[in-house]
$ cat work36.pdb   # PDB, C-alpha atoms
ATOM      1  CA  MET A 219     176.120  28.657 105.907  1.00  0.00           C
ATOM      2  CA  LYS A 220     172.440  27.719 106.109  1.00  0.00           C
ATOM      3  CA  LYS A 221     171.885  29.133 102.608  1.00  0.00           C
ATOM      4  CA  LEU A 222     174.784  27.048 101.245  1.00  0.00           C
ATOM      5  CA  ILE A 223     173.396  23.868 102.825  1.00  0.00           C
ATOM      6  CA  SER A 224     169.936  24.616 101.425  1.00  0.00           C
ATOM      7  CA  LEU A 225     171.396  25.160  97.954  1.00  0.00           C
ATOM      8  CA  LEU A 226     173.258  21.865  98.129  1.00  0.00           C
ATOM      9  CA  VAL A 227     170.048  20.055  99.146  1.00  0.00           C
ATOM     10  CA  VAL A 228     168.143  21.586  96.217  1.00  0.00           C
ATOM     11  CA  LEU A 229     170.872  20.632  93.736  1.00  0.00           C
ATOM     12  CA  THR A 230     170.914  17.094  95.086  1.00  0.00           C
ATOM     13  CA  LEU A 231     167.152  16.801  94.575  1.00  0.00           C
ATOM     14  CA  VAL A 232     167.406  18.197  91.046  1.00  0.00           C
ATOM     15  CA  PHE A 233     170.070  15.722  89.975  1.00  0.00           C
ATOM     16  CA  THR A 234     168.192  12.873  91.650  1.00  0.00           C
ATOM     17  CA  CYS A 235     165.018  13.703  89.736  1.00  0.00           C
ATOM     18  CA  VAL A 236     166.873  13.914  86.425  1.00  0.00           C
ATOM     19  CA  GLY A 237     167.479  10.192  86.737  1.00  0.00           C
ATOM     20  CA  CYS A 238     163.853   9.373  87.563  1.00  0.00           C
ATOM     21  CA  GLY A 239     162.137   7.296  84.892  1.00  0.00           C
ATOM     22  CA  ALA A 240     165.352   6.817  82.929  1.00  0.00           C
ATOM     23  CA  SER A 241     165.231   3.030  82.916  1.00  0.00           C
ATOM     24  CA  GLY A 242     166.058   1.151  79.719  1.00  0.00           C
ATOM     25  CA  GLU A 243     162.428   0.741  78.707  1.00  0.00           C
ATOM     26  CA  ASP A 244     161.685   4.498  79.091  1.00  0.00           C
ATOM     27  CA  LYS A 245     164.404   6.195  77.075  1.00  0.00           C
ATOM     28  CA  LYS A 246     164.215   6.585  73.309  1.00  0.00           C
ATOM     29  CA  SER A 247     167.247   7.094  71.096  1.00  0.00           C
ATOM     30  CA  GLU A 248     167.590  10.209  68.955  1.00  0.00           C
ATOM     31  CA  GLY A 249     165.323  10.108  65.920  1.00  0.00           C
ATOM     32  CA  VAL A 250     163.061   7.418  67.382  1.00  0.00           C
ATOM     33  CA  MET A 251     159.320   8.023  67.607  1.00  0.00           C
ATOM     34  CA  THR A 252     157.366   7.910  70.817  1.00  0.00           C
ATOM     35  CA  TYR A 253     154.381   5.570  70.730  1.00  0.00           C
ATOM     36  CA  ASP A 254     152.017   8.538  70.346  1.00  0.00           C
ATOM     37  CA  GLU A 255     154.020   9.786  67.367  1.00  0.00           C
ATOM     38  CA  TYR A 256     153.838   6.316  65.830  1.00  0.00           C
ATOM     39  CA  VAL A 257     150.063   6.205  66.308  1.00  0.00           C
ATOM     40  CA  SER A 258     149.725   9.646  64.692  1.00  0.00           C
ATOM     41  CA  ALA A 259     151.926   8.753  61.705  1.00  0.00           C
ATOM     42  CA  ALA A 260     150.132   8.353  58.382  1.00  0.00           C
ATOM     43  CA  LEU A 261     149.711   4.948  56.827  1.00  0.00           C
ATOM     44  CA  ASP A 262     152.441   4.114  54.298  1.00  0.00           C
ATOM     45  CA  SER A 263     154.844   6.581  55.947  1.00  0.00           C
ATOM     46  CA  GLU A 264     158.258   5.554  57.241  1.00  0.00           C
ATOM     47  CA  VAL A 265     158.410   4.960  60.980  1.00  0.00           C
ATOM     48  CA  VAL A 266     161.294   4.384  63.387  1.00  0.00           C
ATOM     49  CA  ILE A 267     160.476   2.810  66.738  1.00  0.00           C
ATOM     50  CA  GLU A 268     162.269   1.204  69.647  1.00  0.00           C
ATOM     51  CA  ALA A 269     160.584  -1.616  71.504  1.00  0.00           C
ATOM     52  CA  TYR A 270     161.194  -4.958  73.143  1.00  0.00           C
ATOM     53  CA  VAL A 271     160.490  -8.395  71.708  1.00  0.00           C
ATOM     54  CA  GLN A 272     157.600 -10.079  73.499  1.00  0.00           C
ATOM     55  CA  ALA A 273     157.025 -13.090  71.243  1.00  0.00           C
ATOM     56  CA  LYS A 274     158.120 -14.454  67.885  1.00  0.00           C
ATOM     57  CA  GLN A 275     155.399 -15.694  65.566  1.00  0.00           C
ATOM     58  CA  SER A 276     157.382 -17.047  62.626  1.00  0.00           C
ATOM     59  CA  TRP A 277     160.520 -16.996  60.523  1.00  0.00           C
ATOM     60  CA  TRP A 278     160.668 -17.863  56.844  1.00  0.00           C
ATOM     61  CA  GLU A 279     163.121 -17.013  54.061  1.00  0.00           C
ATOM     62  CA  ASP A 280     164.983 -14.422  56.132  1.00  0.00           C
ATOM     63  CA  LYS A 281     161.809 -12.705  57.308  1.00  0.00           C
ATOM     64  CA  ALA A 282     160.516 -12.628  60.878  1.00  0.00           C
ATOM     65  CA  THR A 283     157.105 -11.766  62.303  1.00  0.00           C
ATOM     66  CA  VAL A 284     157.355 -10.475  65.849  1.00  0.00           C
ATOM     67  CA  TYR A 285     155.245  -8.957  68.616  1.00  0.00           C
ATOM     68  CA  ALA A 286     157.040  -6.086  70.362  1.00  0.00           C
ATOM     69  CA  GLN A 287     156.081  -3.634  73.071  1.00  0.00           C
ATOM     70  CA  ASP A 288     157.302  -0.690  75.097  1.00  0.00           C
ATOM     71  CA  LYS A 289     155.778   0.859  78.221  1.00  0.00           C
ATOM     72  CA  ASP A 290     153.248   2.792  76.102  1.00  0.00           C
ATOM     73  CA  GLY A 291     152.023   0.397  73.434  1.00  0.00           C
ATOM     74  CA  GLY A 292     152.402  -2.653  71.237  1.00  0.00           C
ATOM     75  CA  TYR A 293     153.739  -3.206  67.713  1.00  0.00           C
ATOM     76  CA  PHE A 294     153.263  -5.999  65.183  1.00  0.00           C
ATOM     77  CA  LEU A 295     156.343  -6.384  62.993  1.00  0.00           C
ATOM     78  CA  TYR A 296     155.349  -8.304  59.884  1.00  0.00           C
ATOM     79  CA  ASN A 297     157.954 -10.043  57.701  1.00  0.00           C
ATOM     80  CA  MET A 298     160.839  -7.985  59.071  1.00  0.00           C
ATOM     81  CA  ALA A 299     164.194  -8.676  57.412  1.00  0.00           C
ATOM     82  CA  CYS A 300     166.024 -11.087  59.709  1.00  0.00           C
ATOM     83  CA  SER A 301     168.552 -13.875  59.269  1.00  0.00           C
ATOM     84  CA  GLU A 302     167.871 -17.202  60.930  1.00  0.00           C
ATOM     85  CA  ALA A 303     170.849 -16.648  63.243  1.00  0.00           C
ATOM     86  CA  ASP A 304     169.528 -13.242  64.315  1.00  0.00           C
ATOM     87  CA  TYR A 305     166.036 -14.687  64.773  1.00  0.00           C
ATOM     88  CA  GLU A 306     167.388 -17.071  67.386  1.00  0.00           C
ATOM     89  CA  LYS A 307     168.756 -14.084  69.297  1.00  0.00           C
ATOM     90  CA  LEU A 308     165.376 -12.327  69.469  1.00  0.00           C
ATOM     91  CA  THR A 309     164.451 -13.672  72.885  1.00  0.00           C
ATOM     92  CA  PRO A 310     161.656 -12.105  74.974  1.00  0.00           C
ATOM     93  CA  GLY A 311     162.789  -8.771  76.384  1.00  0.00           C
ATOM     94  CA  THR A 312     165.384  -8.032  73.685  1.00  0.00           C
ATOM     95  CA  LYS A 313     165.494  -4.342  72.744  1.00  0.00           C
ATOM     96  CA  ILE A 314     165.299  -3.574  69.028  1.00  0.00           C
ATOM     97  CA  LYS A 315     165.266  -0.423  66.918  1.00  0.00           C
ATOM     98  CA  VAL A 316     163.013  -0.925  63.897  1.00  0.00           C
ATOM     99  CA  THR A 317     162.790   1.119  60.694  1.00  0.00           C
ATOM    100  CA  GLY A 318     159.942   0.320  58.338  1.00  0.00           C
ATOM    101  CA  PHE A 319     156.594   1.490  57.001  1.00  0.00           C
ATOM    102  CA  LYS A 320     153.304   1.745  58.821  1.00  0.00           C
ATOM    103  CA  ALA A 321     150.583  -0.333  57.185  1.00  0.00           C
ATOM    104  CA  GLU A 322     147.112  -1.686  57.885  1.00  0.00           C
ATOM    105  CA  TRP A 323     145.516  -4.970  56.872  1.00  0.00           C
ATOM    106  CA  ALA A 324     141.890  -5.770  57.781  1.00  0.00           C
ATOM    107  CA  GLY A 325     142.134  -3.407  60.744  1.00  0.00           C
ATOM    108  CA  GLU A 326     145.493  -4.669  62.035  1.00  0.00           C
ATOM    109  CA  VAL A 327     148.097  -1.892  62.159  1.00  0.00           C
ATOM    110  CA  GLU A 328     151.590  -3.251  61.546  1.00  0.00           C
ATOM    111  CA  ILE A 329     155.088  -2.336  60.446  1.00  0.00           C
ATOM    112  CA  ILE A 330     156.176  -3.843  57.122  1.00  0.00           C
ATOM    113  CA  ASP A 331     159.311  -3.835  54.941  1.00  0.00           C
ATOM    114  CA  ALA A 332     161.306  -3.334  58.118  1.00  0.00           C
ATOM    115  CA  THR A 333     164.889  -3.747  59.211  1.00  0.00           C
ATOM    116  CA  PHE A 334     166.121  -3.800  62.790  1.00  0.00           C
ATOM    117  CA  GLU A 335     169.145  -3.562  65.037  1.00  0.00           C
ATOM    118  CA  THR A 336     169.448  -4.708  68.624  1.00  0.00           C
ATOM    119  CA  GLY A 337     170.197  -2.430  71.542  1.00  0.00           C
ATOM    120  CA  LYS A 338     170.849  -2.534  75.264  1.00  0.00           C
ATOM    121  CA  GLY A 339     168.029  -3.019  77.722  1.00  0.00           C
ATOM    122  CA  ASN A 340     165.428  -5.616  78.600  1.00  0.00           C
ATOM    123  CA  TYR A 341     161.699  -5.370  79.180  1.00  0.00           C
ATOM    124  CA  VAL A 342     158.950  -7.983  79.319  1.00  0.00           C
ATOM    125  CA  ALA A 343     155.444  -6.561  79.631  1.00  0.00           C
ATOM    126  CA  LYS A 344     152.935  -7.832  82.150  1.00  0.00           C
ATOM    127  CA  ALA A 345     149.563  -8.805  80.741  1.00  0.00           C
ATOM    128  CA  GLU A 346     147.155  -5.862  80.955  1.00  0.00           C
ATOM    129  CA  ASP A 347     143.580  -6.763  81.891  1.00  0.00           C
ATOM    130  CA  VAL A 348     141.329  -5.417  79.119  1.00  0.00           C
ATOM    131  CA  THR A 349     138.281  -7.562  79.869  1.00  0.00           C
ATOM    132  CA  SER A 350     136.174  -4.535  80.749  1.00  0.00           C
ATOM    133  CA  LEU A 351     137.059  -2.871  77.432  1.00  0.00           C
ATOM    134  CA  LEU A 352     135.544  -5.598  75.256  1.00  0.00           C
ATOM    135  CA  GLY A 353     132.857  -4.034  73.098  1.00  0.00           C
ATOM    136  CA  SER A 354     134.159  -0.490  73.679  1.00  0.00           C
ATOM    137  CA  ASP A 355     135.781   1.936  71.261  1.00  0.00           C
ATOM    138  CA  ASP A 356     138.804   2.163  73.566  1.00  0.00           C
ATOM    139  CA  LEU A 357     139.870  -1.457  73.095  1.00  0.00           C
ATOM    140  CA  ILE A 358     141.581  -0.803  69.750  1.00  0.00           C
ATOM    141  CA  ASN A 359     143.896   1.674  71.501  1.00  0.00           C
ATOM    142  CA  HIS A 360     145.536  -1.363  73.126  1.00  0.00           C
ATOM    143  CA  GLN A 361     146.078  -3.186  69.841  1.00  0.00           C
ATOM    144  CA  ASN A 362     149.089  -5.555  69.776  1.00  0.00           C
ATOM    145  CA  LYS A 363     149.698  -5.349  73.529  1.00  0.00           C
ATOM    146  CA  PHE A 364     150.085  -8.410  75.718  1.00  0.00           C
ATOM    147  CA  VAL A 365     146.715  -8.587  77.482  1.00  0.00           C
ATOM    148  CA  THR A 366     144.494 -10.785  79.594  1.00  0.00           C
ATOM    149  CA  PHE A 367     140.779 -11.595  79.494  1.00  0.00           C
ATOM    150  CA  LYS A 368     139.094 -13.025  82.570  1.00  0.00           C
ATOM    151  CA  GLY A 369     135.876 -14.843  83.352  1.00  0.00           C
ATOM    152  CA  MET A 370     134.681 -15.408  79.783  1.00  0.00           C
ATOM    153  CA  THR A 371     132.313 -18.200  78.756  1.00  0.00           C
ATOM    154  CA  VAL A 372     133.042 -20.671  75.955  1.00  0.00           C
ATOM    155  CA  GLU A 373     130.321 -20.719  73.296  1.00  0.00           C
ATOM    156  CA  ALA A 374     129.776 -23.018  70.329  1.00  0.00           C
ATOM    157  CA  ALA A 375     132.256 -22.317  67.531  1.00  0.00           C
ATOM    158  CA  GLY A 376     130.388 -24.361  64.949  1.00  0.00           C
ATOM    159  CA  GLN A 377     129.330 -27.928  64.282  1.00  0.00           C
ATOM    160  CA  ASP A 378     131.120 -31.172  63.530  1.00  0.00           C
ATOM    161  CA  GLY A 379     130.318 -33.544  60.679  1.00  0.00           C
ATOM    162  CA  SER A 380     127.476 -35.054  62.689  1.00  0.00           C
ATOM    163  CA  GLY A 381     125.804 -31.717  63.325  1.00  0.00           C
ATOM    164  CA  ASN A 382     126.868 -31.491  66.963  1.00  0.00           C
ATOM    165  CA  ASP A 383     127.970 -28.173  68.422  1.00  0.00           C
ATOM    166  CA  VAL A 384     131.707 -28.007  69.107  1.00  0.00           C
ATOM    167  CA  ALA A 385     133.841 -25.673  71.223  1.00  0.00           C
ATOM    168  CA  PHE A 386     136.546 -25.002  68.613  1.00  0.00           C
ATOM    169  CA  LEU A 387     137.287 -25.307  64.908  1.00  0.00           C
ATOM    170  CA  TYR A 388     140.441 -26.050  62.960  1.00  0.00           C
ATOM    171  CA  ASN A 389     140.675 -22.940  60.741  1.00  0.00           C
ATOM    172  CA  TRP A 390     137.947 -20.327  60.816  1.00  0.00           C
ATOM    173  CA  ASP A 391     135.516 -22.492  58.853  1.00  0.00           C
ATOM    174  CA  GLY A 392     136.372 -25.913  60.247  1.00  0.00           C
ATOM    175  CA  SER A 393     138.180 -26.952  57.068  1.00  0.00           C
ATOM    176  CA  GLY A 394     141.502 -27.712  58.773  1.00  0.00           C
ATOM    177  CA  GLN A 395     143.037 -30.419  60.882  1.00  0.00           C
ATOM    178  CA  GLU A 396     145.249 -30.717  63.942  1.00  0.00           C
ATOM    179  CA  GLY A 397     148.231 -28.426  63.530  1.00  0.00           C
ATOM    180  CA  ASP A 398     146.214 -25.644  61.889  1.00  0.00           C
ATOM    181  CA  ASP A 399     144.966 -22.511  63.642  1.00  0.00           C
ATOM    182  CA  LEU A 400     142.294 -23.011  66.315  1.00  0.00           C
ATOM    183  CA  TYR A 401     139.241 -20.740  66.400  1.00  0.00           C
ATOM    184  CA  PHE A 402     136.895 -20.597  69.375  1.00  0.00           C
ATOM    185  CA  ASN A 403     134.153 -18.308  70.622  1.00  0.00           C
ATOM    186  CA  VAL A 404     133.904 -16.753  74.065  1.00  0.00           C
ATOM    187  CA  SER A 405     131.270 -14.425  75.462  1.00  0.00           C
ATOM    188  CA  LEU A 406     130.946 -11.684  78.059  1.00  0.00           C
ATOM    189  CA  ASN A 407     127.839  -9.699  78.990  1.00  0.00           C
ATOM    190  CA  GLY A 408     125.854 -11.164  76.103  1.00  0.00           C
ATOM    191  CA  GLN A 409     128.447 -10.385  73.421  1.00  0.00           C
ATOM    192  CA  THR A 410     130.417 -13.139  71.633  1.00  0.00           C
ATOM    193  CA  TYR A 411     133.970 -12.768  70.318  1.00  0.00           C
ATOM    194  CA  THR A 412     136.196 -15.027  68.212  1.00  0.00           C
ATOM    195  CA  PHE A 413     139.619 -15.775  69.645  1.00  0.00           C
ATOM    196  CA  THR A 414     142.422 -17.657  67.900  1.00  0.00           C
ATOM    197  CA  VAL A 415     145.392 -19.841  68.690  1.00  0.00           C
ATOM    198  CA  GLU A 416     147.722 -18.894  65.832  1.00  0.00           C
ATOM    199  CA  SER A 417     149.590 -22.101  64.996  1.00  0.00           C
ATOM    200  CA  TYR A 418     152.762 -20.269  63.944  1.00  0.00           C
ATOM    201  CA  LEU A 419     152.840 -18.548  67.337  1.00  0.00           C
ATOM    202  CA  CYS A 420     151.669 -21.527  69.447  1.00  0.00           C
ATOM    203  CA  ASP A 421     151.789 -24.843  67.611  1.00  0.00           C
ATOM    204  CA  SER A 422     150.033 -28.101  68.463  1.00  0.00           C
ATOM    205  CA  SER A 423     152.720 -29.065  70.998  1.00  0.00           C
ATOM    206  CA  THR A 424     151.992 -26.062  73.263  1.00  0.00           C
ATOM    207  CA  ASP A 425     149.888 -26.086  76.412  1.00  0.00           C
ATOM    208  CA  VAL A 426     147.473 -23.462  75.079  1.00  0.00           C
ATOM    209  CA  TYR A 427     146.795 -25.439  71.891  1.00  0.00           C
ATOM    210  CA  LYS A 428     145.998 -28.539  73.922  1.00  0.00           C
ATOM    211  CA  ALA A 429     143.902 -26.540  76.381  1.00  0.00           C
ATOM    212  CA  VAL A 430     141.664 -25.215  73.600  1.00  0.00           C
ATOM    213  CA  GLN A 431     141.317 -28.726  72.149  1.00  0.00           C
ATOM    214  CA  GLY A 432     140.003 -29.783  75.568  1.00  0.00           C
ATOM    215  CA  LEU A 433     137.401 -27.017  75.922  1.00  0.00           C
ATOM    216  CA  ASN A 434     133.739 -27.694  76.544  1.00  0.00           C
ATOM    217  CA  ILE A 435     130.899 -25.347  75.703  1.00  0.00           C
ATOM    218  CA  GLY A 436     129.959 -23.512  78.888  1.00  0.00           C
ATOM    219  CA  ASP A 437     133.460 -23.513  80.407  1.00  0.00           C
ATOM    220  CA  THR A 438     134.577 -20.308  82.122  1.00  0.00           C
ATOM    221  CA  VAL A 439     138.091 -19.337  81.109  1.00  0.00           C
ATOM    222  CA  ASP A 440     140.873 -16.834  81.793  1.00  0.00           C
ATOM    223  CA  MET A 441     143.235 -16.115  78.887  1.00  0.00           C
ATOM    224  CA  GLU A 442     146.383 -14.225  77.941  1.00  0.00           C
ATOM    225  CA  GLY A 443     147.598 -13.270  74.507  1.00  0.00           C
ATOM    226  CA  PHE A 444     148.262 -10.494  72.037  1.00  0.00           C
ATOM    227  CA  LEU A 445     145.510  -8.096  70.991  1.00  0.00           C
ATOM    228  CA  TYR A 446     145.547  -8.798  67.271  1.00  0.00           C
ATOM    229  CA  TRP A 447     142.885  -7.346  64.991  1.00  0.00           C
ATOM    230  CA  TYR A 448     141.170  -8.868  61.967  1.00  0.00           C
ATOM    231  CA  GLU A 449     137.906  -7.239  60.886  1.00  0.00           C
ATOM    232  CA  GLY A 450     137.494  -6.497  64.582  1.00  0.00           C
ATOM    233  CA  VAL A 451     139.121  -7.826  67.710  1.00  0.00           C
ATOM    234  CA  ASN A 452     140.683 -11.260  67.162  1.00  0.00           C
ATOM    235  CA  PRO A 453     143.231 -11.931  69.942  1.00  0.00           C
ATOM    236  CA  HIS A 454     146.052 -14.428  69.443  1.00  0.00           C
ATOM    237  CA  ILE A 455     145.860 -16.413  72.670  1.00  0.00           C
ATOM    238  CA  THR A 456     149.028 -17.801  74.273  1.00  0.00           C
ATOM    239  CA  SER A 457     147.648 -19.262  77.500  1.00  0.00           C
ATOM    240  CA  LEU A 458     144.251 -20.418  78.736  1.00  0.00           C
ATOM    241  CA  THR A 459     143.003 -21.659  82.092  1.00  0.00           C
ATOM    242  CA  VAL A 460     139.617 -23.257  82.728  1.00  0.00           C
ATOM    243  CA  LYS A 461     138.218 -21.994  86.030  1.00  0.00           C
TER
END

$ encode --input "work36.pdb" --output "structure tokens"
Amino acid sequence: MKKLISLLVVLTLVFTCVGCGASGEDKKSEGVMTYDEYVSAALDSEVVIEAYVQAKQSWWEDKATVYAQDKDGGYFLYNMACSEADYEKLTPGTKIKVTGFKAEWAGEVEIIDATFETGKGNYVAKAEDVTSLLGSDDLINHQNKFVTFKGMTVEAAGQDGSGNDVAFLYNWDGSGQEGDDLYFNVSLNGQTYTFTVESYLCDSSTDVYKAVQGLNIGDTVDMEGFLYWYEGVNPHITSLTVK
């Protein structure tokens, strides 16, 4: 009798453990790559991934640009085939299966020429603090994730028409106007980095756009955004707080 009870206990534990980690954001459908397999895939090869929409950057002529993420990594889906009606349905947390081709542009790894289908499940990633990784070789391993940077100092981004230092520029070279991308410089441990408010992702009506317009050189700031890459780290910032 004791042996039978022990066997039943063991079987109960086995079946309980089978279900461990089987939440919607952990399981991959048949034929879908893990994040590690995606990272190892050659450029220009076909890839199939499952992830969850974190933010929508733009839609134009039935093409959508989207940030997506699973528990292991982030994905940048560039000009993915998508009707306007389907674009409206891509709310944060929506699960999608994406088939496309792995590509790279100026250091940014992305999926292009893609199609997608929605699935069941919901997952919104928490911002991962990567402040300590700035300047390290490991930072690129977190590319396209939703991340946070804390305690950084605002530096001069350039000069205005009068030769005065300014905290941000419209466009990378100051050639733009309100409504265009915002570029600003922040530093940590003696190293300066250029961060961006991408106007398609966060336009001039958003809190983060207005916050950057109100920056002063020397401000200490905490930020959240997506770890985009352009000739080096160039995060697309979605929120900013002056400390």

$ resolve_selection --input "work36.pdb" --expression "the PyMOL selection byres ((chain A and resi 310) around 7)" --output "tab-separated table (two decimals) with C-alpha atoms, in the frame of the given file"
chain	number	residue	atom	x	y	z
A	271	VAL	CA	160.49	-8.40	71.71
A	272	GLN	CA	157.60	-10.08	73.50
A	273	ALA	CA	157.02	-13.09	71.24
A	308	LEU	CA	165.38	-12.33	69.47
A	309	THR	CA	164.45	-13.67	72.89
A	311	GLY	CA	162.79	-8.77	76.38
A	312	THR	CA	165.38	-8.03	73.68
A	342	VAL	CA	158.95	-7.98	79.32

$ closest_atom_pairs --input "work36.pdb" --of "stretch 357-391 of chain A" --to "stretch 283-286 of chain A" --cutoff "10 Å" --atoms "only C-alpha atoms" --output "CSV"
residue,atom,partner,partner_atom,distance
A:Asn362,CA,A:Tyr285,CA,7.1
A:Lys363,CA,A:Ala286,CA,8.0
A:Phe364,CA,A:Tyr285,CA,8.8

$ resolve_selection --input "work36.pdb" --expression "the PyMOL selection byres ((chain A and resi 302) around 9)" --output "VMD selection string"
chain A and resid 277 to 282 300 to 301 303 to 307

$ axis_aligned_box --input "work36.pdb" --around "stretch 354-360 of chain A" --padding-each-side "6 Å" --output "lines of an AutoDock Vina configuration file"
center_x = 139.8
center_y = 0.4
center_z = 71.7
size_x = 23.4
size_y = 15.6
size_z = 15.9

$ closest_residue --input "work36.pdb" --among "A:Ile358, A:Leu352, A:Ala385, A:Ala269" --to "A:Asn340" --atoms "only C-alpha atoms"
A:Ala269

$ residues_around --input "work36.pdb" --residues "A:Ala345" --least-positions-apart "4" --cutoff "7 Å" --atoms "all atoms listed in the file" --output "list in words"
Phe364, Val365, Thr366 and Glu442 of chain A

$ residues_around --input "work36.pdb" --residues "A:Val266" --least-positions-apart "5" --cutoff "7 Å" --atoms "all atoms listed in the file" --output "NGL selection string"
:A and (250-251 or 316-318)

$ resolve_selection --input "work36.pdb" --expression "the PyMOL selection byres ((chain A and resi 371) around 6)" --output "list in words"
Met370, Val372, Val404, Ser405, Gly436, Asp437 and Thr438 of chain A

$ closest_residue --input "work36.pdb" --among "A:Gly408, A:Leu387, A:Asn382, A:Thr456" --to "A:Cys420" --atoms "all atoms listed in the file"
A:Thr456

$ closest_residue --input "work36.pdb" --among "A:Val460, A:Asp331, A:Asp254, A:Gly369" --to "A:Gly291" --atoms "only C-alpha atoms"
A:Asp254

$ residues_around --input "work36.pdb" --residues "A:Tyr418" --least-positions-apart "6" --cutoff "10 Å" --atoms "all atoms listed in the file" --output "list in words"
Lys274, Gln275, Ser276, Trp277, Thr283, Gly397, Asp398 and Asp399 of chain A

$ closest_residue --input "work36.pdb" --among "A:Met298, A:Gly339, A:Thr412, A:Lys461" --to "A:Asp440" --atoms "only C-alpha atoms"
A:Lys461

$ closest_residue --input "work36.pdb" --among "A:Phe294, A:Tyr401, A:Leu261, A:Tyr411" --to "A:Gly353" --atoms "all atoms listed in the file"
A:Tyr411

$ closest_residue --input "work36.pdb" --among "A:Leu357, A:Ala375, A:Ile314, A:Val265" --to "A:Thr252" --atoms "only C-alpha atoms"
A:Val265

$ atom_distance --input "work36.pdb" --atom1 "atom CA of A:Glu264" --atom2 "atom CA of A:Asp356"
25.6 Å

$ decode --input "work36.pdb" --residues "stretch 428-433 of chain A" --atoms "all heavy atoms" --output "short mmCIF file (atom, residue, chain, number, x, y, z; two decimals), in the first residue's frame"
data_model
loop_
_atom_site.label_atom_id
_atom_site.label_comp_id
_atom_site.auth_asym_id
_atom_site.auth_seq_id
_atom_site.Cartn_x
_atom_site.Cartn_y
_atom_site.Cartn_z
N LYS A 428 7.54 65.92 -25.80
CA LYS A 428 7.52 67.20 -25.09
C LYS A 428 8.58 67.25 -23.99
O LYS A 428 9.18 68.30 -23.74
CB LYS A 428 6.13 67.44 -24.50
CG LYS A 428 5.05 67.60 -25.56
CD LYS A 428 3.65 67.64 -24.96
CE LYS A 428 2.58 67.73 -26.04
NZ LYS A 428 1.21 67.68 -25.47
N ALA A 429 8.83 66.10 -23.35
CA ALA A 429 9.83 66.05 -22.30
C ALA A 429 11.22 66.35 -22.85
O ALA A 429 12.01 67.07 -22.23
CB ALA A 429 9.81 64.69 -21.62
N VAL A 430 11.53 65.79 -24.02
CA VAL A 430 12.85 66.04 -24.62
C VAL A 430 12.96 67.51 -25.06
O VAL A 430 14.02 68.13 -24.93
CB VAL A 430 13.10 65.08 -25.80
CG1 VAL A 430 14.37 65.46 -26.56
CG2 VAL A 430 13.22 63.65 -25.29
N GLN A 431 11.88 68.07 -25.58
CA GLN A 431 11.89 69.49 -25.94
C GLN A 431 12.17 70.38 -24.73
O GLN A 431 12.68 71.49 -24.88
CB GLN A 431 10.55 69.89 -26.57
CG GLN A 431 10.34 69.37 -27.98
CD GLN A 431 8.98 69.77 -28.54
OE1 GLN A 431 7.95 69.56 -27.88
NE2 GLN A 431 8.97 70.33 -29.72
N GLY A 432 11.84 69.91 -23.54
CA GLY A 432 12.04 70.69 -22.33
C GLY A 432 13.35 70.42 -21.60
O GLY A 432 13.58 70.96 -20.52
N LEU A 433 14.23 69.58 -22.19
CA LEU A 433 15.48 69.25 -21.52
C LEU A 433 16.43 70.43 -21.43
O LEU A 433 16.45 71.31 -22.30
CB LEU A 433 16.18 68.12 -22.27
CG LEU A 433 15.59 66.71 -22.14
CD1 LEU A 433 16.38 65.74 -23.00
CD2 LEU A 433 15.55 66.26 -20.69
#
